[in-house]
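Undergrad: Right, I'll just put the structure down here and ask away after.
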Protein chains: 4
Amino acid sequence: MPRVVPGYKKQARETIMDSASQLFFELGYHGTGMDDIASKIGVTKGTLYLYFRSKEELLIETCRRNMLLLEDNLNNTISNDFMDSVEKFFKEELKMPDYIKFHWIFALGEIKSNQYVHKILTDSYRKYIEILFNKIEELKSRGEIPKEADSQSLSKMLIAFHNGILVSMMQGLDENDAISIFKAGITNILNGSSLVK
Amino acid sequence: MPRVVPGYKKQARETIMDSASQLFFELGYHGTGMDDIASKIGVTKGTLYLYFRSKEELLIETCRRNMLLLEDNLNNTISNDFMDSVEKFFKEELKMPDYIKFHWIFALGEIKSNQYVHKILTDSYRKYIEILFNKIEELKSRGEIPKEADSQSLSKMLIAFHNGILVSMMQGLDENDAISIFKAGITNILNGSSLVK
Amino acid sequence: MPRVVPGYKKQARETIMDSASQLFFELGYHGTGMDDIASKIGVTKGTLYLYFRSKEELLIETCRRNMLLLEDNLNNTISNDFMDSVEKFFKEELKMPDYIKFHWIFALGEIKSNQYVHKILTDSYRKYIEILFNKIEELKSRGEIPKEADSQSLSKMLIAFHNGILVSMMQGLDENDAISIFKAGITNILNGSSLVK
Amino acid sequence: MPRVVPGYKKQARETIMDSASQLFFELGYHGTGMDDIASKIGVTKGTLYLYFRSKEELLIETCRRNMLLLEDNLNNTISNDFMDSVEKFFKEELKMPDYIKFHWIFALGEIKSNQYVHKILTDSYRKYIEILFNKIEELKSRGEIPKEADSQSLSKMLIAFHNGILVSMMQGLDENDAISIFKAGITNILNGSSLVK
DNA sequence: CATGAATGAGACTTCATTCAT
DNA sequence: GATGAATGAAGTCTCATTCAT
């Protein structure tokens with residue numbers, strides 16, 4: 001690890017979190033040793049403790065960072081042309097490495113046993129709802145979605161559908177299928193939006 | 001534990017799998033000790049090894065059994081009136097204890113590191129697709145769904161949406177919301193089915 | 001196990017000791033489980049405790065019995081024609097199953113940690129010396145061995161040589177070689193007996 | 001344990017092997033716990049695993065090292081005056097701690113159940129034969145042993161006799177007796193060597 | 001007489017964490 | 001800042017022994 005560099009500490013933390021992310025995703029949190037994380041980036045175990053107080057802190061920080069990366073993608077890609085931007089959003093997401101884009105699926109395994117992970121995931125869920133809610137309201141005001149539609153419910157449906165597709169990918173759904181049913185599903189959900197009371 | 005009872009051994013295995021299921025779900029696979037599983041049902045560690053060769057075997061058998069319980073619910077509730085039965089299916093599912101209905105979410109955490117869990121989950125995915133595919137073909141033949149709809153894609157969308165809702169519940173979506181958006185979403189997806197090429 | 005037979009209990013103990021002997025020899029004392037011993041003869045673990053108070057008792061009794069079998073062979077084969085009888089003795093010994101003829105080699109591994117095994121082996125050593133001592137004195141009185149020879153030392157040499165050959169067999173010496181060097185060695189030792197002061 | 005010393009790791013391994021050797025000899029391999037080995041040298045169990053991957057590796061390395069120590073003694077003491085050097089060899093051997101000089105006797109207990117121990121012991125046997133064979137051929141060429149003697153057989157006899165005496169010592173033969181019959185026996189075997197066909 | 005379910009102590013091994021260097 | 005030796009608690013699994021049936 002290089003040092004005496006401004007922001008060095010921050011960079012080192014990132015490097016460690018990358019390593020941890022990948023391994024947590026592949027081996028699970030408990031299945032991953034501090035040794036594994038360290039040797040993957042060519043340092044020794046002890047070094048990790050210079051940057052993170054404990055393995056749990058590393059988990060939490062990693063979790064938080066990865067959720068932010070995913071949210072960033074939503075914020076960066078969503079635009080006025082909704083259908084266009086959902087496609088762009090999803091394609092960008094699929095370009096991310098598995099250990100980022102599927103990160104929250106791994107994290108769900110820790111949600112019951114770690115209050116911090118729990119908070120990160122539920123907060124994130126609320127944030128997604130909020131972002132989509134606002135977008136949908138905007139679409140309503142532009143007349144692209146009927147005013148009677150329930151924006152709350154629509155947001156939740158869109159999120160559920162999106163997450164469900166990622167889960168399906170882990171169970172064998174291939175990427176091209178994922179993209180095509182993602183677009184079709186989103187369209188159907190929005191088209192049928194007047195039905196939601 | 002009573003003994004010298006016909007089917008006793010099978011019953012004992014079930015008891016152990018119930019205990020394991022709950023704890024795996026709450027603490028994660030690696031976070032759960034054989035001690036925990038044993039003492040939850042009032043026996044000692046050693047006893048578990050009379051019924052399962054190893055902790056991994058216990059994981060796999062538990063996984064397999066729980067997936068079957070979920071599939072059973074689908075098979076038992078699906079009927080001619082599709083919209084009626086999806087509602088029934090989902091309500092029955094929600095009645096199951098968390099450690100059963102959310103079981104596969106926990107299992108996803110092991111999917112990368114255990115080939116048997118991987119197979120169970122991917123096989124299950126394929127089975128769900130097949131069941132829904134057949135049902136949809138039937139609906140098509142009865143004219144309830146346009147013939148142009150792609151049954152494969154529709155099945156995958158329905159599954160993704162369903163799974164996504166369960167994931168959302170773990171992130172804070174409440175049960176009543178879940179039911180109402182489940183019904184609405186399924187309706188929308190099916191109504192828009194003609195759009196899927 | 002058949003029962004209601006006179007001497008049944010004795011017979012059952014023999015059967016168990018045979019099983020134990022073989023396994024102790026193949027897997028070592030600690031490497032052998034009560035389960036292994038029991039299942040080899042088609043009974044369950046619990047049964048063994050009807051015949052032996054503990055695994056240690058089983059070890060000791062097995063040890064004692066096997067040493068007696070080996071001594072019996074010496075007593076049965078030794079006769080007036082010494083050179084003839086040593087050959088007969090050795091050939092008979094080689095016919096015994098490995099777990100009997102090499103038994104004491106296995107037992108040496110327990111000699112330091114079990115006082116009873118220790119006593120059995122040292123007693124046996126003294127008995128062998130005594131038997132050979134008497135035989136050699138007899139040979140001396142018949143003039144077949146010079147009177148100046150030290151019968152004690154000769155006995156010890158013969159025993160050492162014999163045991164050393166069995167040890168060599170476990171290290172790869174083949175049976176035919178064993179027989180030929182056994183005869184030659186015994187001859188040489190006796191021939192040179194006048195040299196022992 | 002001191003550290004950051006050149007060769008520290010090697011030294012630590014030696015210390016551990018010494019501890020293991022003694023305990024294996026006294027309590028047997030299975031009778032010895034990693035705890036015992038560790039606490040004898042004032043470290044904790046975990047430390048052992050920094051130097052040996054497993055208990056079995058520790059056994060094998062210990063076995064190998066001890067056999068080498070014994071071979072070294074043979075190589076270091078054998079010289080032109082054969083009778084003189086056999087005595088020196090044996091006296092040096094007797095000076096070694098019990099857990100070294102009797103090590104192979106303990107190891108024989110594992111020979112049937114561990115292929116590596118098996119190989120170490122059989123290889124060692126072959127090496128001893130080779131060393132002695134060469135020495136005897138040399139003695140023949142110097143006319144100290146009749147040319148008709150079979151060097152192979154003689155080597156095997158000498159080894160058997162030597163090993164048999166060590167076995168006898170474990171069964172109660174005292175050291176002085178051992179030395180005197182060792183010398184006498186070797187002499188007799190060599191003197192009678194012309195008889196071996 | 002025989003079983004086999006259950007035990008519980010103890011085995012080997014791993015691993016997050018600490019700390020002297 | 002980084003190391004790596006050491007720890008000790010905890011994990012999985014085994015096994016001699018007991019006892020109700």
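Within each chain, counting starts at residue 1; across the structure tokens, chains are named A, B, ... in the order shown, with ligands numbered 1 upward in that order.
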Could you work out which residues of chain B fall inside 6 Å of chain A? Count only C-alpha atoms, and format the result as a list in words.

TA: Glu26, Leu27, His30, Phe106, Gly109, Lys112, Ser113, Thr122, Ala160, Phe161, Asn163, Gly164, Ile165, Gln171, Gly172, Ala184, Asn188, Ile189, Gly192 and Val196 of chain B

Undergrad: For the residues in the current selection, export N, CA and C atoms as a PDB file, in the first residue's frame.

TA:
```pdb
ATOM      1  N   GLU B  26     -32.459 -16.784  11.338  1.00  0.00           N
ATOM      2  CA  GLU B  26     -32.208 -15.662  12.245  1.00  0.00           C
ATOM      3  C   GLU B  26     -30.734 -15.291  12.368  1.00  0.00           C
ATOM      4  N   LEU B  27     -29.885 -16.304  12.372  1.00  0.00           N
ATOM      5  CA  LEU B  27     -28.461 -16.019  12.632  1.00  0.00           C
ATOM      6  C   LEU B  27     -27.561 -16.281  11.436  1.00  0.00           C
ATOM      7  N   HIS B  30     -23.607 -19.840   9.036  1.00  0.00           N
ATOM      8  CA  HIS B  30     -22.351 -19.879   9.800  1.00  0.00           C
ATOM      9  C   HIS B  30     -22.522 -19.289  11.190  1.00  0.00           C
ATOM     10  N   PHE B 106     -32.699 -16.386   2.719  1.00  0.00           N
ATOM     11  CA  PHE B 106     -31.516 -16.764   3.486  1.00  0.00           C
ATOM     12  C   PHE B 106     -30.619 -17.672   2.642  1.00  0.00           C
ATOM     13  N   GLY B 109     -27.891 -16.557   0.283  1.00  0.00           N
ATOM     14  CA  GLY B 109     -26.590 -16.213   0.855  1.00  0.00           C
ATOM     15  C   GLY B 109     -25.587 -17.348   0.769  1.00  0.00           C
ATOM     16  N   LYS B 112     -23.679 -19.147  -3.525  1.00  0.00           N
ATOM     17  CA  LYS B 112     -22.374 -19.057  -4.184  1.00  0.00           C
ATOM     18  C   LYS B 112     -21.360 -20.036  -3.599  1.00  0.00           C
ATOM     19  N   SER B 113     -21.558 -20.409  -2.360  1.00  0.00           N
ATOM     20  CA  SER B 113     -20.512 -21.209  -1.721  1.00  0.00           C
ATOM     21  C   SER B 113     -20.889 -22.668  -1.536  1.00  0.00           C
ATOM     22  N   THR B 122     -31.723 -23.360  -8.079  1.00  0.00           N
ATOM     23  CA  THR B 122     -31.937 -23.227  -9.521  1.00  0.00           C
ATOM     24  C   THR B 122     -32.979 -24.235 -10.014  1.00  0.00           C
ATOM     25  N   ALA B 160     -40.600 -13.242 -10.650  1.00  0.00           N
ATOM     26  CA  ALA B 160     -39.754 -12.138 -10.207  1.00  0.00           C
ATOM     27  C   ALA B 160     -40.544 -11.186  -9.322  1.00  0.00           C
ATOM     28  N   PHE B 161     -41.759 -10.875  -9.764  1.00  0.00           N
ATOM     29  CA  PHE B 161     -42.562  -9.930  -8.992  1.00  0.00           C
ATOM     30  C   PHE B 161     -42.878 -10.486  -7.605  1.00  0.00           C
ATOM     31  N   ASN B 163     -41.226 -12.821  -5.891  1.00  0.00           N
ATOM     32  CA  ASN B 163     -40.024 -12.865  -5.054  1.00  0.00           C
ATOM     33  C   ASN B 163     -39.622 -11.473  -4.606  1.00  0.00           C
ATOM     34  N   GLY B 164     -39.758 -10.517  -5.512  1.00  0.00           N
ATOM     35  CA  GLY B 164     -39.396  -9.148  -5.158  1.00  0.00           C
ATOM     36  C   GLY B 164     -40.238  -8.610  -4.013  1.00  0.00           C
ATOM     37  N   ILE B 165     -41.473  -9.006  -3.976  1.00  0.00           N
ATOM     38  CA  ILE B 165     -42.327  -8.533  -2.882  1.00  0.00           C
ATOM     39  C   ILE B 165     -41.883  -9.124  -1.548  1.00  0.00           C
ATOM     40  N   GLN B 171     -37.425  -5.890   3.875  1.00  0.00           N
ATOM     41  CA  GLN B 171     -36.870  -4.545   3.987  1.00  0.00           C
ATOM     42  C   GLN B 171     -37.883  -3.554   4.573  1.00  0.00           C
ATOM     43  N   GLY B 172     -38.998  -4.083   5.035  1.00  0.00           N
ATOM     44  CA  GLY B 172     -39.916  -3.197   5.747  1.00  0.00           C
ATOM     45  C   GLY B 172     -41.317  -3.063   5.168  1.00  0.00           C
ATOM     46  N   ALA B 184     -52.421  -6.258  -7.427  1.00  0.00           N
ATOM     47  CA  ALA B 184     -52.408  -5.250  -8.482  1.00  0.00           C
ATOM     48  C   ALA B 184     -51.307  -5.526  -9.494  1.00  0.00           C
ATOM     49  N   ASN B 188     -51.702  -6.267 -13.462  1.00  0.00           N
ATOM     50  CA  ASN B 188     -51.085  -5.418 -14.476  1.00  0.00           C
ATOM     51  C   ASN B 188     -50.201  -6.207 -15.423  1.00  0.00           C
ATOM     52  N   ILE B 189     -49.407  -7.079 -14.844  1.00  0.00           N
ATOM     53  CA  ILE B 189     -48.494  -7.861 -15.687  1.00  0.00           C
ATOM     54  C   ILE B 189     -49.291  -8.705 -16.671  1.00  0.00           C
ATOM     55  N   GLY B 192     -51.151  -6.531 -19.323  1.00  0.00           N
ATOM     56  CA  GLY B 192     -50.271  -5.983 -20.347  1.00  0.00           C
ATOM     57  C   GLY B 192     -49.582  -7.067 -21.147  1.00  0.00           C
ATOM     58  N   VAL B 196     -45.821  -8.091 -24.516  1.00  0.00           N
ATOM     59  CA  VAL B 196     -44.552  -8.816 -24.526  1.00  0.00           C
ATOM     60  C   VAL B 196     -44.381  -9.512 -25.855  1.00  0.00           C
TER      61      VAL B 196
END
```

Undergrad: Name the residues in contact with C:Arg65 at a cut-off of 9 Å, using only C-alpha atoms (C1' of nucleotides), excluding same-chain residues fewer than 5 positions from it; report them as a ChimeraX atom specification.

TA: /C:17,60,70

Undergrad: Could you give me, as a list in words, the residues within 9 Å of F:DC13, counting only C-alpha atoms (C1' of nucleotides) and dropping anything in the same chain fewer than 5 positions from it?

TA: Gly46, Tyr49 and Ser54 of chain B; DA11 and DC12 of chain E

Undergrad: Would you output that residue set with C-alpha atoms (C1' of nucleotides), as a JSON list (two decimals), in the first residue's frame?

TA:
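Output saved as part.json:
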```
[["chain", "number", "residue", "atom", "x", "y", "z"],
["B", 46, "GLY", "CA", -24.16, -35.24, 19.83],
["B", 49, "TYR", "CA", -25.21, -36.35, 14.60],
["B", 54, "SER", "CA", -22.80, -33.12, 9.29],
["E", 11, "DA", "C1'", -10.81, -34.05, 20.33],
["E", 12, "DC", "C1'", -9.01, -31.22, 16.32]]
```

Undergrad: Quick one: which residues from chain F are at most 10 Å off chain D, using only C-alpha atoms (C1' of nucleotides), as number ranges by chain?

TA: F: 4-8

Undergrad: Could you please write out, as a PyMOL selection string, every residue of stretch 23-189 of chain D that DSSP assigns to helix (DSSP H, G or I)?

TA: chain D and resi 23-27+34-40+45-51+55-77+82-95+98-101+103-108+115-141+151-170+175-189

Undergrad: Can you check which parts of chain E lie within 12 Å of chain B? Per residue, the shortest pair of atoms and distance in Å to one decimal, counting only C-alpha atoms (C1' of nucleotides), sorted by chain and number, as JSON lines.

TA:
```
{"residue": "E:DT3", "atom": "C1'", "partner": "B:Val4", "partner_atom": "CA", "distance": 10.6}
{"residue": "E:DG4", "atom": "C1'", "partner": "B:Val4", "partner_atom": "CA", "distance": 9.5}
{"residue": "E:DA5", "atom": "C1'", "partner": "B:Arg3", "partner_atom": "CA", "distance": 7.6}
{"residue": "E:DA6", "atom": "C1'", "partner": "B:Thr47", "partner_atom": "CA", "distance": 6.4}
{"residue": "E:DT7", "atom": "C1'", "partner": "B:Thr44", "partner_atom": "CA", "distance": 7.1}
{"residue": "E:DG8", "atom": "C1'", "partner": "B:Thr44", "partner_atom": "CA", "distance": 8.1}
{"residue": "E:DA9", "atom": "C1'", "partner": "B:Gly46", "partner_atom": "CA", "distance": 11.0}
```

Undergrad: Between atom CA of B:Val117 and atom CA of A:Arg64, what is the distance, to one decimal in Å?

TA: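 Separation of atom CA of B:Val117 and atom CA of A:Arg64: 27.4 Å.
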
Undergrad: Report, in Å with one decimal, the straight-line distance from atom CA of D:Arg53 to atom CA of D:Tyr8.

TA: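 Answer for the atom CA of D:Arg53 to atom CA of D:Tyr8 separation: 17.6 Å.
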
Undergrad: Would you pick out the contacts of D:Met96 at 12 Å or less, using only C-alpha atoms (C1' of nucleotides), so that residues sharing its chain but fewer than 6 positions from it are not included, and give the list as a list in words?

TA: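 Residues meeting the cut-off are Asn66, Leu69, Leu70, Asn73, Phe89, Phe90, Phe102 and His103 of chain D.
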